[in-house]
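**Q** Below is the structure I would like to discuss, written out as structure tokens.
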Amino acid sequence: MRVTQQLLQNLVRQNTDRAARAAVEASRPIDEGVGISRASQDPIKATRLMGLRDIGQELDRFDRNRYLVKTDLGQAEEVLGSVHDLLVDAHDVALAMASDTVNAGDRDNAARQIRAMVTQALGLANRKDASGKHVFGGTAEDRAPYAADGAYQGNTSARMVEVGAGLRVEATIVGPDVFGPSGEALGAMIALATALEGNDLAGIQRATTDLAEARRYVADGRTEIGGRLATLADLDDLALSLRTHVEIERATIEGVDIAAVAPAMASAQSALEAVIASSKSLMQLVGRGFLGS
Amino acid sequence: MTTIQSILSAARSGMNVSQTLAALASRNLANVNTPGYAREVLPIMSEIGGLAVRAGHPYATREALLERALASTVGRFAYHDAQVGHLQLAEQATNDLDDAGLGGALDAFRFALSTASANPSGRSEREGVLAAARAVAGAFSTTRSQLEQGRDATEQQTHAVASRINQLTTQIAQLNARIRAARPGEEANTLNSQRAALVETLSGLVEVDVLPRSDGTIQISTGGRTLVELDSAAHLTVEGGAGSALQVTFVRPGHAPIPASGNVGGELGGLVTVHNDTLMPALAALDQAAHGFMQSFNASHASGVGLDGQSGRSFWSLPEYVAGAAADMQLSTDVSGSPMDIALARDASALPGDNSNVAILDKHLADARAAFRTIGNGITDKLVQAQGGAALERGSVEQLANMLASATGVSIDEEMISLSQAQTALEASSTVVREVQTMIDTVLSLVT
């Protein structure tokens with residue numbers, strides 16, 4: 001093969017171009033701050049990365065939804081706890097007032113105490129959340145679920161919210177599900193107050209039984225809501241675990257591995273310097289040959 | 001019989017050839033970096049029946065096959081390379097790896113809808129849905145605008161490249177005419193070098209097939225059509241554009257314009273390909289995705305109910321035509337400014353807490369997301385192909401260029417040796433002349 005001036009120039013240019021491209025490519029992850037920023041850099045990794053991003057987006061959506069649902073259900077659980085306490089107190093009052101030794105005056109006083117409890121219980125049953133929605137009215141969130149006489153005014157529709165991939169939980173609470181099908185929790189307290197006001201011993205005894213029944217409704221409702229919250233907590237744990245895996249894999253694909261990039265950059269830089277140095281020597285030799293020195 | 005005259009004649013011929021040889025070596029050295037220049041060689045032969053030598057016409061050491069292969073390979077490299085830059089811009093416009101752009105806007109819309117599904121009666125959540133929808137409209141418009149700019153840029157560039165091709169082919173045709181009339185030797189070689197440099201430049205703009213003719217001219221064809229024939233060059237134009245496909249057309253004097261029968265390759269072919277096969281389909285697909293999304297989203301939205309229990313409302317103001325839909329996305333007046341009228345529910349009796357329409361609306365968003373990703377993947381596939389093709393052809397171009405440089409380039413060492421040989425031969429011829437002079441002087445002194 002003849003070694004011509006043009007061939008030498010070609011080789012110098014080609015080698016320098018190649019070494020420069022390699023140096024630029026080696027330093028690209030550092031310049032861009034990510035291992036892969038466009039799909040064409042590595043279509044297979046990009047496809048995986050997009051899949052991971054989709055999972056991340058879904059996790060974000062589900063996290064947000066779980067947070068909102070948990071807030072509502074947590075408040076409902078707290079309210080039911082208070083209602084349950086009121087029913088316990090009312091039951092204690094009923095038991096005390098069911099004694100033959102209690103006179104009408106004591107029962108009248110107790111009736112006022114129970115009326116106050118009824119008002120308090122109604123207030124709890126008609127509780128609104130931070131955004132102004134009634135908690136126990138099903139999806140009829142814009143009106144008070146219970147009337148003063150304990151009648152239910154909400155609906156029995158449920159709002160399902162997606163909190164995991166293909167997993168929906170009921171985010172609303174239908175009053176009858178937690179306060180009894182006929183509003184037993186409120187009704188028993190109202191009946192007790194009425195019986196106390198009428199000094200009706202039989203009525204007081206019936207109310208005692210009804211209150212115990214109402215407590216079971218509220219306790220069952222609270223348990224059911226607690227179950228939903230427990231499911232959401234489990235999902236939180238699962239989501240956290242999944243998110244951790246996703247983030248680790250994303251970081252592996254997307255992140256810049258300095259330990260790998262630094263030697264590659266140093267190697268490419270050394271190669272470029274070597275090419276430049278050899279090209280310089282070659283051109284000097286050619287120049288000296290041309291000048292005959 | 002050898003006479004003094006014949007000896008002097010032989011010495012003179014030797015001196016002449018030496019001078020020519022030295023001049024040629026100098027010329028080769030002077031053109032060592034001239035594009036298209038091929039090393040010239042001087043054929044030297046002895047005179048029949050005598051001692052004298054004579055030089056023929058210097059000829060350039062051209063390698064027609066290599067030059068032809070290189071021109072074709074350069075065209076293929078330029079075809080891929082011209083696409084890379086435009087495809088990179090298109091990939092950037094449709095990049096789904098960053099959280100910005102249309103992909104990010106669609107994800108944000110899904111997030112806003114999902115949040116509203118947890119609190120469908122919330123005003124702030126509904127306003128969030130409208131804000132996210134406006135961002136989607138803006139992102140569709142921006143993405144379309146970027147793709148459109150890319151398409152327009154390729155159109156402009158094709159016209160510029162076609163103009164440059166026409167200049168080059170005209171010059172090559174003129175050189176063909178001059179080469180045919182040129183004297184063999186230095187003049188023809190110089191013109192050939194100039195023409196070779198022009199062909200080399202032309203081969204990057206359009207993939208050419210160069211056919212040398214016995215009269216020294218070359219015929220150049222591309223895309224199944226003749227571009228240069230003798231002293232005549234076809235005028236190349238690029239028809240179409242402004243939203244329609246580009247078509248390369250050849251116009252020869254006195255003939256009807258004819259379209260290229262295939263891809264013309266080179267930079268021009270690459271630009272036409274990226275325009276016709278990538279950017280235009282991507283724009284059409286984006287418009288189709290936008291229109292289809294708005295249409296299906298509207299249908300589901302209309303069958304849902306707002307907080308007032310009313311149905312039949314549109315969410316998007318649907319453009320009349322699919323073309324340009326991505327640029328014309330905007331919220332319908334039914335919901336713009338009226339977040340409570342967004343139909344998140346399907347059951348009017350379950351208001352205001354019903355969210356049963358959200359999952360249906362979200363499905364359309366997921367479909368739009370998938371459609372956008374398909375567009376991006378298509379562009380990425382084309383870019384990867386173009387980058388792979390360019391890398392492959394770059395290697396071939398380098399190899400062929402090196403082979404050609406080795407075969408036809410100027411070697412300084414060889415030329416220095418040639419100069420040295422010429423000098424030695426000149427000195428030898430001078431010595432002969434000097435010795436003849438001495439002989440003549442001796443003879444004359446004997447006579448007198």
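Letters A, B, ... mark the chains of the structure tokens in the order given; residue numbers begin at 1 per chain; ligand numbers begin at 1, in order shown.
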Taking the DSSP secondary structure from the backbone, can you list the residues of range 106-209 of chain A that are alpha helix (DSSP H), as a ChimeraX atom specification?

**A** /A:106-125,175-179,184-197,201-209

**Q** How close does each residue of chain A get to chain B, giving the shortest atom pair and distance in Å to one decimal for every residue with an atom at most 6 Å away, counting only C-alpha atoms, sorted by chain and residue number, as JSON lines?

**A**
```
{"residue": "A:Arg2", "atom": "CA", "partner": "B:Ser406", "partner_atom": "CA", "distance": 5.1}
{"residue": "A:Val3", "atom": "CA", "partner": "B:Ser406", "partner_atom": "CA", "distance": 5.9}
{"residue": "A:Thr4", "atom": "CA", "partner": "B:Ser411", "partner_atom": "CA", "distance": 4.0}
{"residue": "A:Gln5", "atom": "CA", "partner": "B:Ser411", "partner_atom": "CA", "distance": 5.4}
{"residue": "A:Gln6", "atom": "CA", "partner": "B:Ala405", "partner_atom": "CA", "distance": 5.5}
{"residue": "A:Leu7", "atom": "CA", "partner": "B:Ala405", "partner_atom": "CA", "distance": 5.0}
{"residue": "A:Ser40", "atom": "CA", "partner": "B:Thr380", "partner_atom": "CA", "distance": 5.4}
{"residue": "A:Arg61", "atom": "CA", "partner": "B:Phe111", "partner_atom": "CA", "distance": 5.6}
{"residue": "A:Thr139", "atom": "CA", "partner": "B:Gly353", "partner_atom": "CA", "distance": 4.2}
{"residue": "A:Ala140", "atom": "CA", "partner": "B:Leu351", "partner_atom": "CA", "distance": 5.9}
{"residue": "A:Arg159", "atom": "CA", "partner": "B:Asp354", "partner_atom": "CA", "distance": 5.8}
{"residue": "A:Val161", "atom": "CA", "partner": "B:Ala118", "partner_atom": "CA", "distance": 5.9}
```

**Q** Mind listing the strand (DSSP E) residues of range 207-284 of chain B, per DSSP on the backbone, as number ranges by chain?

**A** B: 209-212, 218-222, 225-229, 232-233, 235-241, 244-251, 258-259

**Q** Write a file of the just-selected residues containing C-alpha atoms, as a PDB file, in the first residue's frame.

**A**
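out-v1.pdb, written as the output of this step:
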```
ATOM      1  CA  ASP B 209     -23.542   6.901 -10.513  1.00  0.00           C
ATOM      2  CA  VAL B 210     -20.589   8.156 -12.520  1.00  0.00           C
ATOM      3  CA  LEU B 211     -19.945   6.562 -15.888  1.00  0.00           C
ATOM      4  CA  PRO B 212     -16.709   7.583 -17.636  1.00  0.00           C
ATOM      5  CA  ILE B 218     -18.582  11.510 -17.685  1.00  0.00           C
ATOM      6  CA  GLN B 219     -22.247  10.721 -17.481  1.00  0.00           C
ATOM      7  CA  ILE B 220     -23.833  11.234 -14.064  1.00  0.00           C
ATOM      8  CA  SER B 221     -27.157   9.736 -13.143  1.00  0.00           C
ATOM      9  CA  THR B 222     -29.174   9.616  -9.956  1.00  0.00           C
ATOM     10  CA  ARG B 225     -32.491   9.730 -14.192  1.00  0.00           C
ATOM     11  CA  THR B 226     -29.579  11.263 -16.048  1.00  0.00           C
ATOM     12  CA  LEU B 227     -28.231  14.344 -14.352  1.00  0.00           C
ATOM     13  CA  VAL B 228     -25.276  15.199 -16.580  1.00  0.00           C
ATOM     14  CA  GLU B 229     -24.715  14.039 -20.138  1.00  0.00           C
ATOM     15  CA  SER B 232     -25.815  19.227 -20.760  1.00  0.00           C
ATOM     16  CA  ALA B 233     -27.127  19.143 -17.196  1.00  0.00           C
ATOM     17  CA  HIS B 235     -32.210  21.002 -13.773  1.00  0.00           C
ATOM     18  CA  LEU B 236     -33.296  19.409 -10.550  1.00  0.00           C
ATOM     19  CA  THR B 237     -36.247  20.812  -8.615  1.00  0.00           C
ATOM     20  CA  VAL B 238     -38.087  19.832  -5.467  1.00  0.00           C
ATOM     21  CA  GLU B 239     -41.857  19.991  -5.844  1.00  0.00           C
ATOM     22  CA  GLY B 240     -44.473  19.874  -3.118  1.00  0.00           C
ATOM     23  CA  GLY B 241     -43.985  20.934   0.462  1.00  0.00           C
ATOM     24  CA  SER B 244     -47.618  17.840   1.066  1.00  0.00           C
ATOM     25  CA  ALA B 245     -44.960  15.280   0.214  1.00  0.00           C
ATOM     26  CA  LEU B 246     -41.763  16.406  -1.477  1.00  0.00           C
ATOM     27  CA  GLN B 247     -40.946  15.081  -4.937  1.00  0.00           C
ATOM     28  CA  VAL B 248     -37.634  15.453  -6.741  1.00  0.00           C
ATOM     29  CA  THR B 249     -38.169  16.313 -10.412  1.00  0.00           C
ATOM     30  CA  PHE B 250     -35.745  16.517 -13.343  1.00  0.00           C
ATOM     31  CA  VAL B 251     -36.086  19.072 -16.079  1.00  0.00           C
ATOM     32  CA  ILE B 258     -40.059  13.945 -14.996  1.00  0.00           C
ATOM     33  CA  PRO B 259     -40.061  12.815 -11.392  1.00  0.00           C
TER      34      PRO B 259
END
```

**Q** Looking at A:His134, A:Arg243, A:Lys280, A:His91, which one is nearest to Arg206 in chain A, with distances taken over only C-alpha atoms?

**A**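 Comparing A:His134, A:Arg243, A:Lys280, A:His91 against Arg206 in chain A, the winner is A:His91.
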
**Q** Name the residues in contact with Ile4 in chain B at a cut-off of 9 Å, using only C-alpha atoms, excluding same-chain residues fewer than 3 positions from it; report them as a JSON list (two decimals) with all heavy atoms, in the first residue's frame.

**A**
```json
[["chain", "number", "residue", "atom", "x", "y", "z"],
["B", 7, "ILE", "N", 24.43, 12.14, -30.76],
["B", 7, "ILE", "CA", 24.74, 12.12, -29.32],
["B", 7, "ILE", "C", 24.17, 13.37, -28.65],
["B", 7, "ILE", "O", 23.54, 13.31, -27.59],
["B", 7, "ILE", "CB", 26.27, 12.03, -29.10],
["B", 7, "ILE", "CG1", 26.78, 10.68, -29.59],
["B", 7, "ILE", "CG2", 26.62, 12.23, -27.62],
["B", 7, "ILE", "CD1", 28.30, 10.58, -29.62],
["B", 8, "LEU", "N", 24.38, 14.51, -29.32],
["B", 8, "LEU", "CA", 23.85, 15.77, -28.76],
["B", 8, "LEU", "C", 22.31, 15.72, -28.69],
["B", 8, "LEU", "O", 21.70, 16.18, -27.72],
["B", 8, "LEU", "CB", 24.29, 16.96, -29.63],
["B", 8, "LEU", "CG", 25.69, 17.48, -29.35],
["B", 8, "LEU", "CD1", 26.06, 18.55, -30.36],
["B", 8, "LEU", "CD2", 25.80, 18.02, -27.93],
["B", 9, "SER", "N", 21.72, 15.12, -29.72],
["B", 9, "SER", "CA", 20.27, 15.02, -29.75],
["B", 9, "SER", "C", 19.77, 14.16, -28.60],
["B", 9, "SER", "O", 18.78, 14.49, -27.93],
["B", 9, "SER", "CB", 19.85, 14.42, -31.10],
["B", 9, "SER", "OG", 18.47, 14.23, -31.11],
["B", 436, "VAL", "N", 30.94, 16.06, -25.27],
["B", 436, "VAL", "CA", 30.88, 16.29, -26.72],
["B", 436, "VAL", "C", 31.58, 17.61, -27.07],
["B", 436, "VAL", "O", 32.34, 17.70, -28.04],
["B", 436, "VAL", "CB", 29.41, 16.31, -27.20],
["B", 436, "VAL", "CG1", 29.30, 16.82, -28.64],
["B", 436, "VAL", "CG2", 28.81, 14.92, -27.12],
["B", 440, "ILE", "N", 34.65, 18.06, -29.49],
["B", 440, "ILE", "CA", 34.65, 19.00, -30.63],
["B", 440, "ILE", "C", 35.84, 19.95, -30.52],
["B", 440, "ILE", "O", 36.54, 20.22, -31.50],
["B", 440, "ILE", "CB", 33.32, 19.78, -30.69],
["B", 440, "ILE", "CG1", 32.19, 18.81, -31.07],
["B", 440, "ILE", "CG2", 33.38, 20.94, -31.68],
["B", 440, "ILE", "CD1", 30.80, 19.40, -30.94]]
```

**Q** Would you list the contacts of range 119-121 of chain A as a PyMOL selection string, taking every protein, DNA or RNA residue within 10 Å and counting only C-alpha atoms, but skipping same-chain residues closer than 5 positions in sequence?

**A** chain A and resi 79-80+82-87+114+126-127+148+150+185-186+189-190

**Q** Mind giving me the straight-line distance from CA of Glu267 in chain B to CA of Ala78 in chain B in Å, one decimal?

**A** 5.0 Å

**Q** Find the spatial neighbours of Ser429 in chain B, counting only C-alpha atoms, within a cut-off of 10 Å - ignore same-chain residues fewer than 3 positions away - and output them as a list in words.

**A**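 Listing them by chain and then by number gives Ile7, Leu8, Ala10, Ala11, Arg12, Ser13, Gly14, Met15, Asn16, Ser18, Gln423, Thr424, Ala425, Leu426, Val432, Val433, Arg434 and Glu435 of chain B.
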
**Q** Can those selected residues be exported to a file as a PDB file, in the first residue's frame so that it contains C-alpha atoms?

**A**
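Okay, again09.pdb is ready:
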```pdb
ATOM      1  CA  ILE B   7      24.738  12.120 -29.320  1.00  0.00           C
ATOM      2  CA  LEU B   8      23.845  15.768 -28.762  1.00  0.00           C
ATOM      3  CA  ALA B  10      20.104  12.165 -27.225  1.00  0.00           C
ATOM      4  CA  ALA B  11      21.553  14.422 -24.518  1.00  0.00           C
ATOM      5  CA  ARG B  12      19.058  17.151 -25.349  1.00  0.00           C
ATOM      6  CA  SER B  13      16.150  14.692 -25.188  1.00  0.00           C
ATOM      7  CA  GLY B  14      17.426  13.501 -21.826  1.00  0.00           C
ATOM      8  CA  MET B  15      17.607  17.076 -20.575  1.00  0.00           C
ATOM      9  CA  ASN B  16      14.092  17.776 -21.825  1.00  0.00           C
ATOM     10  CA  SER B  18      14.516  15.489 -16.929  1.00  0.00           C
ATOM     11  CA  GLN B 423      18.378  15.960 -11.252  1.00  0.00           C
ATOM     12  CA  THR B 424      20.731  12.994 -11.766  1.00  0.00           C
ATOM     13  CA  ALA B 425      19.463  12.456 -15.293  1.00  0.00           C
ATOM     14  CA  LEU B 426      19.891  16.154 -16.023  1.00  0.00           C
ATOM     15  CA  VAL B 432      27.356  14.139 -22.217  1.00  0.00           C
ATOM     16  CA  VAL B 433      27.002  17.636 -23.686  1.00  0.00           C
ATOM     17  CA  ARG B 434      30.134  18.775 -21.899  1.00  0.00           C
ATOM     18  CA  GLU B 435      32.088  15.735 -23.148  1.00  0.00           C
TER      19      GLU B 435
END
```

**Q** Which one is closest to Ala158 in chain A: B:Ala345, B:Glu125, B:Glu63, B:Val335? Count only C-alpha atoms.

**A** B:Ala345

**Q** Between CA of Ser203 in chain B and CA of Leu279 in chain B, what is the distance in Å, rounded to a tenth?

**A** 24.8 Å

**Q** Looking at B:Ala22, B:Ala290, B:Leu66, B:Ile165, which one is nearest to Gly138 in chain B, with distances taken over only C-alpha atoms?

**A**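 Result for the nearest residue to Gly138 in chain B: B:Ala290.
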
**Q** To one decimal place in Å, what is the distance between CA of Asn15 in chain A and CA of Ser267 in chain A?

**A**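 Answer for the CA of Asn15 in chain A to CA of Ser267 in chain A separation: 15.1 Å.
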
**Q** Select, from A:Glu184, A:Asp106, A:Glu162, A:Glu273, the residue with the minimum atom-to-atom distance to Ala207 in chain A, counting only C-alpha atoms.

**A**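 Of the candidates, the smallest distance to Ala207 in chain A is held by A:Glu184.
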
**Q** Rank A:Glu77, A:Glu58, A:Asp17, A:Glu32 by their smallest atom-to-atom distance to Ala230 in chain A, using only C-alpha atoms, and report the top residue only.

**A** A:Glu77

**Q** Have a look at A:Ala130, A:Leu8, A:Ser99, A:Tyr67 and name the one nearest to Ser278 in chain A; count only C-alpha atoms.

**A**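 Going through A:Ala130, A:Leu8, A:Ser99, A:Tyr67 one by one, the smallest distance to Ser278 in chain A is for A:Leu8.
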
**Q** Would you pick out the contacts of Ala196 in chain B at 9 Å or less, using only C-alpha atoms, so that residues sharing its chain but fewer than 6 positions from it are not included, and give the list as a PyMOL selection string?

**A** chain B and resi 35-37+67+172

**Q** So that I can check the surroundings of Leu175 in chain B, please list as a PDB file with all heavy atoms, in the first residue's frame every protein, DNA and RNA residue that reaches within 7 Å of it, counting only C-alpha atoms and ignoring chain neighbours fewer than 4 positions away.

**A**
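Saved as selection19.pdb:
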```pdb
ATOM      1  N   GLN B 171     -21.583  23.166 -13.633  1.00  0.00           N
ATOM      2  CA  GLN B 171     -20.120  23.299 -13.730  1.00  0.00           C
ATOM      3  C   GLN B 171     -19.492  22.018 -14.289  1.00  0.00           C
ATOM      4  O   GLN B 171     -18.564  22.068 -15.108  1.00  0.00           O
ATOM      5  CB  GLN B 171     -19.539  23.602 -12.346  1.00  0.00           C
ATOM      6  CG  GLN B 171     -19.856  25.012 -11.848  1.00  0.00           C
ATOM      7  CD  GLN B 171     -19.439  25.211 -10.394  1.00  0.00           C
ATOM      8  OE1 GLN B 171     -18.929  24.310  -9.758  1.00  0.00           O
ATOM      9  NE2 GLN B 171     -19.677  26.397  -9.877  1.00  0.00           N
ATOM     10  N   ILE B 179     -13.099  19.431 -21.233  1.00  0.00           N
ATOM     11  CA  ILE B 179     -12.203  18.262 -21.220  1.00  0.00           C
ATOM     12  C   ILE B 179     -12.187  17.595 -22.596  1.00  0.00           C
ATOM     13  O   ILE B 179     -11.142  17.163 -23.083  1.00  0.00           O
ATOM     14  CB  ILE B 179     -12.640  17.270 -20.117  1.00  0.00           C
ATOM     15  CG1 ILE B 179     -12.266  17.824 -18.749  1.00  0.00           C
ATOM     16  CG2 ILE B 179     -12.010  15.890 -20.322  1.00  0.00           C
ATOM     17  CD1 ILE B 179     -12.886  17.100 -17.584  1.00  0.00           C
ATOM     18  N   LEU B 191      -8.246  19.916 -15.635  1.00  0.00           N
ATOM     19  CA  LEU B 191      -9.718  19.960 -15.728  1.00  0.00           C
ATOM     20  C   LEU B 191     -10.350  18.731 -15.084  1.00  0.00           C
ATOM     21  O   LEU B 191     -11.375  18.809 -14.414  1.00  0.00           O
ATOM     22  CB  LEU B 191     -10.147  20.063 -17.199  1.00  0.00           C
ATOM     23  CG  LEU B 191      -9.742  21.355 -17.902  1.00  0.00           C
ATOM     24  CD1 LEU B 191     -10.042  21.265 -19.400  1.00  0.00           C
ATOM     25  CD2 LEU B 191     -10.479  22.549 -17.296  1.00  0.00           C
ATOM     26  N   ARG B 195     -12.990  18.596 -12.075  1.00  0.00           N
ATOM     27  CA  ARG B 195     -14.267  17.884 -12.198  1.00  0.00           C
ATOM     28  C   ARG B 195     -14.407  16.827 -11.103  1.00  0.00           C
ATOM     29  O   ARG B 195     -15.477  16.651 -10.523  1.00  0.00           O
ATOM     30  CB  ARG B 195     -14.366  17.233 -13.579  1.00  0.00           C
ATOM     31  CG  ARG B 195     -15.748  16.678 -13.874  1.00  0.00           C
ATOM     32  CD  ARG B 195     -15.789  16.059 -15.251  1.00  0.00           C
ATOM     33  NE  ARG B 195     -14.890  14.912 -15.341  1.00  0.00           N
ATOM     34  CZ  ARG B 195     -14.638  14.243 -16.460  1.00  0.00           C
ATOM     35  NH1 ARG B 195     -15.202  14.613 -17.595  1.00  0.00           N
ATOM     36  NH2 ARG B 195     -13.815  13.228 -16.471  1.00  0.00           N
TER      37      ARG B 195
END
```
